[in-house]
$ cat target-v3.cif   # mmCIF, C-alpha atoms
data_work
loop_
_atom_site.label_atom_id
_atom_site.label_comp_id
_atom_site.auth_asym_id
_atom_site.auth_seq_id
_atom_site.Cartn_x
_atom_site.Cartn_y
_atom_site.Cartn_z
CA MET I 1 -74.20 -6.59 -27.63
CA THR I 2 -71.82 -3.75 -26.90
CA THR I 3 -72.96 -0.36 -28.11
CA HIS I 4 -70.69 2.48 -29.09
CA PRO I 5 -70.82 6.05 -30.40
CA LEU I 6 -72.34 6.33 -33.83
CA PRO I 7 -69.89 7.26 -36.58
CA PRO I 8 -69.69 10.70 -38.21
CA ARG I 9 -72.41 11.50 -40.72
CA THR I 10 -70.07 11.04 -43.66
CA ALA I 11 -69.46 7.38 -42.77
CA ARG I 12 -72.77 6.61 -41.18
CA LYS I 13 -74.66 4.92 -44.03
CA ARG I 14 -71.73 2.59 -44.70
CA ALA I 15 -71.36 1.79 -40.99
CA LEU I 16 -75.04 0.95 -40.63
CA ALA I 17 -74.90 -1.30 -43.65
CA LEU I 18 -71.85 -3.12 -42.29
CA SER I 19 -73.57 -3.50 -38.92
CA ALA I 20 -76.58 -5.13 -40.54
CA ALA I 21 -74.36 -7.45 -42.56
CA ALA I 22 -72.44 -8.50 -39.47
CA LEU I 23 -75.63 -9.25 -37.62
CA ALA I 24 -76.94 -11.25 -40.55
CA ALA I 25 -73.89 -13.48 -40.37
CA ALA I 26 -74.07 -13.85 -36.61
CA LEU I 27 -77.75 -14.30 -35.88
CA THR I 28 -80.03 -17.21 -36.68
CA LEU I 29 -83.24 -15.67 -35.39
CA SER I 30 -85.88 -15.22 -38.08
CA ALA I 31 -86.63 -11.58 -38.82
CA CYS I 32 -89.92 -9.84 -38.47
CA GLY I 33 -92.27 -12.34 -40.03
CA GLY I 34 -89.90 -14.11 -42.42
CA ALA I 35 -91.93 -15.81 -45.13
CA ARG I 36 -95.13 -14.18 -43.91
CA THR I 37 -94.21 -10.75 -45.29
CA ALA I 38 -97.42 -8.89 -45.94
CA GLU I 39 -98.43 -7.71 -49.38
CA GLY I 40 -97.62 -4.02 -49.55
CA ALA I 41 -95.01 -4.24 -46.81
CA THR I 42 -92.27 -1.65 -46.84
CA GLY I 43 -89.66 -4.24 -47.76
CA THR I 44 -87.10 -2.96 -45.27
CA ALA I 45 -84.24 -5.43 -45.02
CA SER I 46 -83.97 -6.93 -41.56
CA ALA I 47 -80.76 -7.80 -39.78
CA SER I 48 -81.12 -11.49 -40.58
CA GLY I 49 -81.73 -10.93 -44.26
CA GLY I 50 -85.53 -11.21 -44.40
CA ALA I 51 -88.00 -8.49 -45.26
CA SER I 52 -89.88 -6.36 -42.79
CA CYS I 53 -93.51 -7.34 -42.27
CA VAL I 54 -94.57 -3.71 -41.69
CA ASP I 55 -97.64 -3.28 -43.89
CA THR I 56 -98.18 0.13 -45.44
CA SER I 57 -100.53 -1.02 -48.23
CA GLY I 58 -103.69 0.23 -46.55
CA ASP I 59 -104.93 3.32 -44.78
CA THR I 60 -103.26 2.49 -41.46
CA VAL I 61 -99.82 1.72 -40.08
CA LYS I 62 -99.17 -0.12 -36.83
CA ILE I 63 -97.00 1.23 -34.02
CA GLY I 64 -96.30 -0.36 -30.63
CA PHE I 65 -96.62 1.09 -27.13
CA LEU I 66 -94.67 -0.90 -24.51
CA ASN I 67 -94.97 0.33 -20.92
CA SER I 68 -95.28 -1.18 -17.43
CA LEU I 69 -98.93 -1.13 -16.42
CA SER I 70 -98.30 -3.57 -13.57
CA GLY I 71 -95.51 -4.11 -11.06
CA THR I 72 -93.34 -1.61 -9.19
CA MET I 73 -92.88 0.75 -12.17
CA ALA I 74 -96.59 1.15 -12.94
CA ILE I 75 -96.72 4.24 -10.68
CA SER I 76 -94.46 5.97 -13.21
CA GLU I 77 -95.18 4.32 -16.55
CA GLN I 78 -98.97 4.62 -16.71
CA THR I 79 -98.67 8.35 -17.35
CA VAL I 80 -96.25 7.68 -20.22
CA ARG I 81 -98.83 5.41 -21.85
CA ASP I 82 -101.47 8.09 -21.39
CA SER I 83 -99.35 10.73 -23.11
CA LEU I 84 -98.56 8.41 -26.01
CA ASP I 85 -102.28 7.79 -26.46
CA LEU I 86 -102.88 11.55 -26.48
CA ALA I 87 -100.20 12.14 -29.11
CA ALA I 88 -101.54 9.34 -31.32
CA GLU I 89 -105.07 10.70 -31.03
CA GLU I 90 -103.91 14.21 -31.99
CA ILE I 91 -101.86 12.94 -34.92
CA ASN I 92 -104.75 10.84 -36.25
CA GLU I 93 -107.17 13.76 -35.92
CA ALA I 94 -104.72 15.89 -37.93
CA GLY I 95 -104.56 13.40 -40.81
CA GLY I 96 -102.11 10.77 -39.57
CA VAL I 97 -98.57 10.16 -40.82
CA LEU I 98 -98.06 10.27 -44.60
CA GLY I 99 -101.84 10.09 -44.81
CA LYS I 100 -102.07 6.86 -42.78
CA GLN I 101 -103.89 6.54 -39.48
CA LEU I 102 -101.91 5.14 -36.56
CA GLU I 103 -103.11 1.75 -35.32
CA ILE I 104 -101.85 1.15 -31.78
CA VAL I 105 -100.73 -2.25 -30.50
CA ALA I 106 -100.22 -1.91 -26.74
CA GLU I 107 -98.34 -4.25 -24.41
CA ASP I 108 -97.53 -4.37 -20.68
CA GLY I 109 -93.82 -4.67 -19.81
CA ALA I 110 -94.86 -5.67 -16.26
CA SER I 111 -91.77 -3.98 -14.72
CA GLU I 112 -89.63 -6.96 -15.82
CA PRO I 113 -86.75 -6.57 -18.33
CA THR I 114 -87.26 -10.06 -19.73
CA VAL I 115 -90.93 -9.28 -20.38
CA PHE I 116 -89.95 -6.07 -22.19
CA ALA I 117 -87.64 -8.09 -24.47
CA GLU I 118 -90.33 -10.70 -25.13
CA LYS I 119 -93.00 -8.10 -25.86
CA ALA I 120 -90.63 -6.14 -28.12
CA GLU I 121 -90.01 -9.33 -30.10
CA LYS I 122 -93.77 -9.87 -30.40
CA LEU I 123 -94.48 -6.31 -31.49
CA ILE I 124 -91.82 -6.42 -34.20
CA SER I 125 -92.18 -10.01 -35.47
CA SER I 126 -95.85 -10.85 -34.94
CA ASP I 127 -97.63 -7.49 -34.85
CA CYS I 128 -95.38 -5.96 -37.54
CA VAL I 129 -95.23 -2.48 -36.03
CA ALA I 130 -93.27 0.28 -37.75
CA ALA I 131 -91.75 1.52 -34.46
CA VAL I 132 -92.07 0.92 -30.72
CA PHE I 133 -92.41 3.62 -28.05
CA GLY I 134 -91.69 2.88 -24.42
CA GLY I 135 -89.50 1.43 -21.71
CA TRP I 136 -88.48 3.20 -18.52
CA THR I 137 -85.74 1.52 -16.53
CA SER I 138 -82.33 1.13 -18.11
CA SER I 139 -82.62 -2.60 -17.42
CA SER I 140 -85.68 -2.70 -19.68
CA ARG I 141 -83.86 -0.72 -22.37
CA LYS I 142 -80.75 -2.89 -22.18
CA ALA I 143 -82.93 -5.99 -22.48
CA MET I 144 -84.70 -4.62 -25.56
CA LEU I 145 -81.64 -3.17 -27.31
CA PRO I 146 -80.36 -6.44 -28.90
CA VAL I 147 -83.89 -7.25 -30.04
CA PHE I 148 -84.21 -3.98 -31.94
CA GLU I 149 -80.70 -4.23 -33.37
CA SER I 150 -81.08 -7.85 -34.49
CA LYS I 151 -84.50 -7.15 -36.01
CA ASN I 152 -83.42 -3.76 -37.42
CA SER I 153 -86.44 -2.02 -35.95
CA LEU I 154 -86.78 1.28 -34.05
CA LEU I 155 -87.34 1.97 -30.35
CA PHE I 156 -88.16 5.47 -29.09
CA TYR I 157 -87.08 5.56 -25.43
CA PRO I 158 -88.58 8.49 -23.46
CA VAL I 159 -86.84 8.53 -20.08
CA GLN I 160 -83.69 10.17 -18.73
CA TYR I 161 -80.89 7.65 -18.34
CA GLU I 162 -77.23 7.20 -17.43
CA GLY I 163 -75.71 7.80 -20.88
CA LEU I 164 -72.66 5.91 -22.17
CA GLU I 165 -74.79 4.38 -24.93
CA ALA I 166 -75.88 5.01 -28.51
CA SER I 167 -77.56 2.68 -30.95
CA PRO I 168 -78.69 3.19 -34.55
CA ASN I 169 -81.95 1.47 -33.57
CA ILE I 170 -82.84 3.61 -30.55
CA PHE I 171 -83.86 7.27 -30.37
CA TYR I 172 -83.40 8.66 -26.87
CA THR I 173 -85.88 11.49 -26.21
CA GLY I 174 -85.25 11.75 -22.47
CA ALA I 175 -82.13 13.38 -21.05
CA THR I 176 -78.68 11.88 -21.19
CA THR I 177 -76.12 12.43 -18.42
CA ASN I 178 -74.92 15.91 -19.37
CA GLN I 179 -78.51 17.16 -19.58
CA GLN I 180 -79.69 16.03 -16.13
CA ILE I 181 -77.21 14.35 -13.77
CA ILE I 182 -74.39 16.84 -14.31
CA PRO I 183 -76.71 19.89 -14.04
CA GLY I 184 -78.04 18.38 -10.79
CA MET I 185 -74.52 18.10 -9.38
CA ASP I 186 -73.62 21.55 -10.72
CA TYR I 187 -76.54 22.98 -8.78
CA LEU I 188 -75.50 21.30 -5.53
CA ALA I 189 -71.94 22.57 -6.02
CA GLU I 190 -73.25 26.11 -6.63
CA GLN I 191 -75.21 25.84 -3.37
CA GLY I 192 -71.99 25.02 -1.50
CA LYS I 193 -72.78 21.36 -0.83
CA LYS I 194 -69.57 19.45 -0.10
CA LYS I 195 -70.77 16.12 1.37
CA VAL I 196 -73.20 14.12 -0.76
CA PHE I 197 -74.88 10.80 0.05
CA LEU I 198 -75.96 8.58 -2.87
CA VAL I 199 -79.03 6.35 -2.70
CA GLY I 200 -80.41 4.37 -5.62
CA SER I 201 -82.23 1.30 -6.84
CA ASP I 202 -79.97 -1.66 -7.54
CA TYR I 203 -79.83 -1.83 -11.32
CA VAL I 204 -78.06 -0.31 -14.32
CA PHE I 205 -79.09 3.35 -14.21
CA PRO I 206 -78.32 4.19 -10.56
CA ARG I 207 -75.02 2.29 -10.48
CA THR I 208 -73.77 3.87 -13.71
CA ALA I 209 -75.08 7.31 -12.72
CA ASN I 210 -73.28 7.06 -9.39
CA LYS I 211 -70.05 6.01 -11.09
CA ILE I 212 -70.29 9.26 -13.05
CA ILE I 213 -71.21 11.25 -9.93
CA ASN I 214 -68.19 9.84 -8.08
CA ALA I 215 -65.91 10.99 -10.92
CA TYR I 216 -67.58 14.42 -10.94
CA ALA I 217 -67.23 14.72 -7.16
CA GLU I 218 -63.53 13.86 -7.18
CA ALA I 219 -62.89 16.52 -9.84
CA ASN I 220 -64.95 19.18 -8.06
CA GLY I 221 -63.92 18.86 -4.42
CA ILE I 222 -67.07 17.05 -3.24
CA GLU I 223 -66.94 14.11 -0.81
CA ILE I 224 -69.24 11.15 -1.37
CA VAL I 225 -70.03 10.18 2.24
CA GLY I 226 -72.19 7.14 1.48
CA GLU I 227 -73.50 5.04 -1.41
CA GLU I 228 -76.39 2.67 -0.81
CA TYR I 229 -78.65 0.58 -3.08
CA ALA I 230 -81.98 -1.16 -2.61
CA PRO I 231 -83.78 -3.64 -4.90
CA LEU I 232 -86.55 -2.25 -7.10
CA GLY I 233 -89.74 -2.34 -5.08
CA HIS I 234 -87.88 -2.29 -1.74
CA THR I 235 -89.92 -0.70 1.07
CA ASP I 236 -87.77 -0.89 4.23
CA PHE I 237 -85.37 2.08 4.28
CA ALA I 238 -84.68 2.30 8.01
CA THR I 239 -81.09 1.06 7.73
CA ILE I 240 -80.21 3.21 4.69
CA VAL I 241 -81.78 6.38 6.10
CA ASN I 242 -80.02 5.90 9.45
CA LYS I 243 -76.72 5.58 7.58
CA LEU I 244 -77.62 8.77 5.70
CA LYS I 245 -78.39 10.63 8.92
CA ALA I 246 -75.13 9.50 10.52
CA SER I 247 -72.99 10.28 7.47
CA GLY I 248 -72.80 14.04 7.93
CA ALA I 249 -74.17 14.58 4.41
CA ASP I 250 -75.34 18.06 3.51
CA ALA I 251 -77.20 16.79 0.40
CA VAL I 252 -78.52 13.57 -1.16
CA PHE I 253 -78.51 12.53 -4.81
CA ASN I 254 -81.42 10.12 -5.27
CA THR I 255 -81.68 7.59 -8.12
CA LEU I 256 -84.37 5.40 -6.57
CA ASN I 257 -87.07 4.40 -9.02
CA GLY I 258 -90.74 3.53 -8.70
CA ASP I 259 -92.62 3.06 -5.45
CA SER I 260 -89.43 2.70 -3.38
CA ASN I 261 -89.43 6.50 -3.25
CA VAL I 262 -92.59 6.42 -1.12
CA ALA I 263 -90.90 4.38 1.61
CA PHE I 264 -87.62 6.31 1.39
CA PHE I 265 -89.11 9.77 1.87
CA LYS I 266 -91.45 8.63 4.65
CA GLU I 267 -88.45 7.23 6.54
CA TYR I 268 -86.38 10.34 5.75
CA LYS I 269 -89.09 12.48 7.36
CA ASN I 270 -89.54 10.05 10.28
CA VAL I 271 -85.90 10.46 11.40
CA GLY I 272 -86.15 14.25 11.36
CA LEU I 273 -84.27 15.04 8.16
CA THR I 274 -85.52 18.10 6.27
CA ALA I 275 -85.25 19.62 2.82
CA ASP I 276 -83.67 22.76 4.29
CA ALA I 277 -80.92 20.94 6.18
CA VAL I 278 -80.20 17.97 3.86
CA PRO I 279 -81.90 18.53 0.49
CA VAL I 280 -82.50 15.59 -1.82
CA VAL I 281 -82.06 15.96 -5.59
CA SER I 282 -84.12 13.27 -7.34
CA VAL I 283 -83.94 12.34 -10.99
CA SER I 284 -86.86 9.90 -11.18
CA ILE I 285 -89.56 11.78 -9.25
CA ALA I 286 -91.86 13.88 -11.37
CA GLU I 287 -95.26 15.48 -10.74
CA GLU I 288 -97.10 12.16 -11.09
CA GLU I 289 -95.01 10.54 -8.34
CA VAL I 290 -95.35 13.48 -5.90
CA GLY I 291 -98.95 12.57 -5.16
CA GLY I 292 -98.07 8.90 -4.63
CA ILE I 293 -95.28 9.78 -2.21
CA GLY I 294 -97.40 12.35 -0.40
CA VAL I 295 -96.74 16.07 -0.73
CA ASP I 296 -96.15 16.41 3.03
CA ASN I 297 -93.30 13.88 2.77
CA ILE I 298 -91.49 15.62 -0.08
CA VAL I 299 -92.36 19.33 -0.10
CA GLY I 300 -89.29 21.53 -0.58
CA GLN I 301 -87.19 18.77 -2.13
CA LEU I 302 -85.39 19.20 -5.46
CA THR I 303 -85.63 17.45 -8.81
CA ALA I 304 -83.52 17.56 -11.96
CA TRP I 305 -85.50 17.28 -15.20
CA ASN I 306 -85.99 18.94 -18.59
CA TYR I 307 -89.69 19.71 -18.29
CA TYR I 308 -92.25 20.63 -15.63
CA GLN I 309 -95.96 21.32 -15.92
CA THR I 310 -95.12 24.86 -14.73
CA VAL I 311 -92.87 25.69 -17.73
CA GLU I 312 -94.26 28.91 -19.16
CA SER I 313 -94.93 28.82 -22.90
CA PRO I 314 -98.00 28.85 -25.17
CA THR I 315 -97.10 25.36 -26.47
CA ASN I 316 -96.98 23.94 -22.96
CA GLU I 317 -100.24 25.64 -21.99
CA THR I 318 -101.93 23.95 -24.96
CA PHE I 319 -100.38 20.59 -24.09
CA VAL I 320 -101.37 20.75 -20.42
CA ALA I 321 -104.92 21.76 -21.31
CA ALA I 322 -105.26 18.88 -23.78
CA PHE I 323 -103.89 16.33 -21.31
CA LYS I 324 -106.21 17.50 -18.52
CA GLU I 325 -109.22 17.58 -20.84
CA LYS I 326 -108.57 13.94 -21.75
CA TYR I 327 -107.57 12.57 -18.34
CA GLY I 328 -108.97 14.97 -15.74
CA GLU I 329 -108.03 18.24 -14.07
CA ASP I 330 -106.34 16.41 -11.20
CA ARG I 331 -103.80 14.73 -13.50
CA PRO I 332 -100.45 16.59 -13.73
CA THR I 333 -98.05 16.48 -16.64
CA SER I 334 -94.42 15.45 -16.13
CA ASP I 335 -91.05 15.09 -17.86
CA PRO I 336 -91.13 11.40 -18.91
CA MET I 337 -94.63 11.66 -20.34
CA GLU I 338 -93.76 14.90 -22.14
CA ALA I 339 -90.68 13.19 -23.63
CA ALA I 340 -92.88 10.28 -24.72
CA TYR I 341 -95.44 12.64 -26.26
CA THR I 342 -92.58 14.41 -28.04
CA SER I 343 -91.10 11.11 -29.27
CA LEU I 344 -94.18 10.27 -31.31
CA TYR I 345 -94.13 13.67 -32.99
CA LEU I 346 -90.40 13.35 -33.69
CA TRP I 347 -90.98 9.96 -35.35
CA LYS I 348 -93.74 11.56 -37.42
CA GLY I 349 -91.33 14.32 -38.44
CA MET I 350 -88.64 11.82 -39.43
CA VAL I 351 -91.05 9.69 -41.46
CA GLU I 352 -92.42 12.72 -43.27
CA LYS I 353 -88.94 14.11 -43.94
CA ALA I 354 -87.89 10.69 -45.31
CA GLU I 355 -91.23 10.21 -47.10
CA SER I 356 -90.88 6.62 -45.96
CA PHE I 357 -91.57 4.26 -43.05
CA GLU I 358 -88.40 2.27 -43.76
CA VAL I 359 -85.86 2.13 -40.95
CA ALA I 360 -82.82 3.07 -43.06
CA ASP I 361 -84.63 6.05 -44.57
CA ILE I 362 -85.73 7.28 -41.14
CA GLN I 363 -82.21 6.91 -39.75
CA GLU I 364 -80.82 8.92 -42.65
CA ALA I 365 -83.48 11.64 -42.35
CA ALA I 366 -83.33 12.00 -38.56
CA ASP I 367 -80.54 14.58 -38.23
CA GLY I 368 -81.90 18.05 -37.63
CA VAL I 369 -85.56 17.08 -37.28
CA THR I 370 -87.15 19.51 -34.82
CA PHE I 371 -90.39 19.73 -32.86
CA ASP I 372 -91.87 22.64 -30.94
CA ALA I 373 -92.32 20.54 -27.81
CA PRO I 374 -93.94 21.58 -24.51
CA GLU I 375 -90.41 21.74 -23.01
CA GLY I 376 -89.25 24.01 -25.84
CA THR I 377 -87.89 23.35 -29.31
CA VAL I 378 -85.99 20.05 -29.48
CA THR I 379 -83.66 18.91 -32.27
CA VAL I 380 -82.51 15.40 -33.14
CA ASN I 381 -78.78 14.70 -33.32
CA GLY I 382 -78.43 12.27 -36.21
CA ASP I 383 -75.10 10.89 -35.04
CA ASN I 384 -76.00 9.80 -31.52
CA HIS I 385 -79.84 9.71 -31.78
CA HIS I 386 -80.34 11.92 -28.71
CA ILE I 387 -81.95 15.36 -28.68
CA ALA I 388 -80.89 18.81 -27.46
CA LYS I 389 -82.73 19.63 -24.22
CA THR I 390 -82.89 22.46 -21.66
CA ALA I 391 -82.02 21.42 -18.09
CA TYR I 392 -84.13 22.54 -15.10
CA ILE I 393 -83.69 22.16 -11.37
CA GLY I 394 -87.09 22.33 -9.70
CA LYS I 395 -88.45 22.56 -6.16
CA ILE I 396 -91.56 20.64 -5.07
CA ASP I 397 -94.23 23.00 -3.76
CA ALA I 398 -97.07 22.41 -1.31
CA ASP I 399 -99.53 22.35 -4.24
CA GLY I 400 -97.83 19.18 -5.56
CA LEU I 401 -96.32 20.90 -8.57
CA ILE I 402 -92.62 21.47 -9.28
CA TYR I 403 -91.37 24.98 -10.02
CA PRO I 404 -88.04 25.75 -11.73
CA VAL I 405 -85.43 27.37 -9.51
CA TRP I 406 -82.60 27.10 -12.06
CA GLU I 407 -82.33 26.48 -15.79
CA SER I 408 -79.55 26.05 -18.30
CA ASP I 409 -78.69 28.76 -20.79
CA GLY I 410 -80.72 27.25 -23.63
CA PRO I 411 -80.82 23.66 -24.92
CA ILE I 412 -77.81 21.49 -24.06
CA GLU I 413 -76.40 19.43 -26.91
CA PRO I 414 -76.42 15.71 -26.03
CA ASP I 415 -73.06 14.24 -25.03
CA PRO I 416 -73.92 10.66 -23.99
CA PHE I 417 -70.28 9.56 -23.76
CA LEU I 418 -69.21 12.73 -21.88
CA GLU I 419 -66.52 13.44 -24.43
CA GLY I 420 -66.56 17.11 -23.45
CA TYR I 421 -65.55 16.43 -19.82
CA ASP I 422 -61.91 15.68 -18.98
CA TRP I 423 -62.84 14.12 -15.62
CA ALA I 424 -65.04 11.53 -17.39
CA GLU I 425 -62.19 10.03 -19.41
CA GLY I 426 -62.28 6.24 -19.13
CA LEU I 427 -65.86 6.00 -17.84
CA SER I 428 -67.21 4.63 -21.11
#
$ encode --input "target-v3.cif" --output "structure tokens"
Amino acid sequence: MTTHPLPPRTARKRALALSAAALAAALTLSACGGARTAEGATGTASASGGASCVDTSGDTVKIGFLNSLSGTMAISEQTVRDSLDLAAEEINEAGGVLGKQLEIVAEDGASEPTVFAEKAEKLISSDCVAAVFGGWTSSSRKAMLPVFESKNSLLFYPVQYEGLEASPNIFYTGATTNQQIIPGMDYLAEQGKKKVFLVGSDYVFPRTANKIINAYAEANGIEIVGEEYAPLGHTDFATIVNKLKASGADAVFNTLNGDSNVAFFKEYKNVGLTADAVPVVSVSIAEEEVGGIGVDNIVGQLTAWNYYQTVESPTNETFVAAFKEKYGEDRPTSDPMEAAYTSLYLWKGMVEKAESFEVADIQEAADGVTFDAPEGTVTVNGDNHHIAKTAYIGKIDADGLIYPVWESDGPIEPDPFLEGYDWAEGLS
């Protein structure tokens, strides 16, 4: 299914209704329980004309957590699950959502997009959850998107991604392109870097991100001196790193995901490359991954995110203390898990503003919902379902933490289709 920018607020309710009607005519899949609708269910109309099986008749409401706890992405996604558990625990201790305790149904996406789609279907149709929180790779999100649209359910996706997408059934609480990738390139340009090498995992996010980076580079006098991809989970980077070393690059933009980063940075160090001479800006390495890669292999390198454990604010201090109390002093906090933590609170805010668990009511109430998040105050854009976020460039220190060396002038409004950039015309 092709996604597109959401319509202006004035036309949005009509557009959503038409979208549901079109899907009802086109799809033959049964919706969320069909005839087995529970007594006391919300009654939300599904895309195929049935009723939602979400049960709000009792003292609890089910929500789904869907993260990779096995496979190549487990190194990154376990921490997201942990932060979701923390948020759910805090919300339940504070009285729940509309007076109902959250009942968690958890599934393992196993680092496979097809498994994410199958588990999303199960959570919506069999477990009857009110919303699902999770996913990491864009491949997993793309696989789940038609499931959530056809079932008219909600996914809260917590990870930075390549943009060029919006769906009425997804809320994107990680950064979109103009909140992470473009600030990363802006920083390299400000540092006088003119020759950039691109390395990434071979799937949707890195290839789309690099298409955007190539357009940015052409418009800003930067030469892309190499562009290489490796399969997810790939561990032999000798050929790619030798190409990097021979390219004359004065910087690297890294969109590798998962445990491939361990092998890449070890090889980078082995051939004598250094953060001072050829810095690497990474967009999928956070505090949790630094330990797995080895601090000695990555100290001094750069990252582009919207949150670090070292962000100074009372809200973040409280969040970090709560996370460490639950999981141990040696466990750092990071951007994706903070965005996941924030996503659960944003859903709570939308539900309470709507005074309803129904999808259409939440969609209508979403615009302007705010949360005093550890990263700073975030606000939901009701038209494109992204949130305003502050951008940070950070440097990895010998203590394994990442410290901001640059930040944007306040929260950046989400622009997933890069409509505000002349050089991006035609990319979407």
$ closest_residue --input "target-v3.cif" --among "I:Gly258, I:Gly272, I:Gly300, I:Pro416" --to "His234 in chain I" --atoms "only C-alpha atoms"
I:Gly258
$ closest_atom_pairs --input "target-v3.cif" --of "range 235-353 of chain I" --to "range 94-109 of chain I" --cutoff "10 Å" --atoms "only C-alpha atoms" --output "Markdown table"
| residue | atom | partner | partner_atom | distance |
| --- | --- | --- | --- | --- |
| I:Tyr345 | CA | I:Val97 | CA | 9.7 |
| I:Trp347 | CA | I:Val97 | CA | 9.4 |
| I:Lys348 | CA | I:Val97 | CA | 6.1 |
| I:Gly349 | CA | I:Val97 | CA | 8.7 |
| I:Val351 | CA | I:Val97 | CA | 7.6 |
| I:Glu352 | CA | I:Leu98 | CA | 6.3 |
| I:Lys353 | CA | I:Leu98 | CA | 9.9 |
$ resolve_selection --input "target-v3.cif" --expression "the PyMOL selection byres ((chain I and resi 363) around 10)" --output "MDAnalysis selection string"
chainID I and resid 12:13 16 154 168:171 350:351 354 358:362 364:367 382:383 385
$ resolve_selection --input "target-v3.cif" --expression "the PyMOL selection byres ((chain I and resi 412) around 7)" --output "number ranges by chain"
I: 179, 388-390, 410-411, 413-414
$ resolve_selection --input "target-v3.cif" --expression "the PyMOL selection byres ((chain I and resi 230) around 12)" --output "PyMOL selection string"
chain I and resi 198-203+206-207+227-229+231-241+254-261+263-264
$ atom_distance --input "target-v3.cif" --atom1 "CA of Lys119 in chain I" --atom2 "CA of Ser83 in chain I"
20.1 Å
$ residues_near_point --input "target-v3.cif" --point "(-76.4, 24.8, -11.8)" --cutoff "8 Å" --atoms "only C-alpha atoms" --output "ChimeraX atom specification"
/I:183-190,393,406-408
$ closest_residue --input "target-v3.cif" --among "I:Asn384, I:Thr137, I:Asn220, I:Ser284" --to "Asn67 in chain I" --atoms "only C-alpha atoms"
I:Thr137
$ closest_residue --input "target-v3.cif" --among "I:Thr333, I:Gly58, I:Phe65, I:Ser138" --to "Ala321 in chain I" --atoms "only C-alpha atoms"
I:Thr333
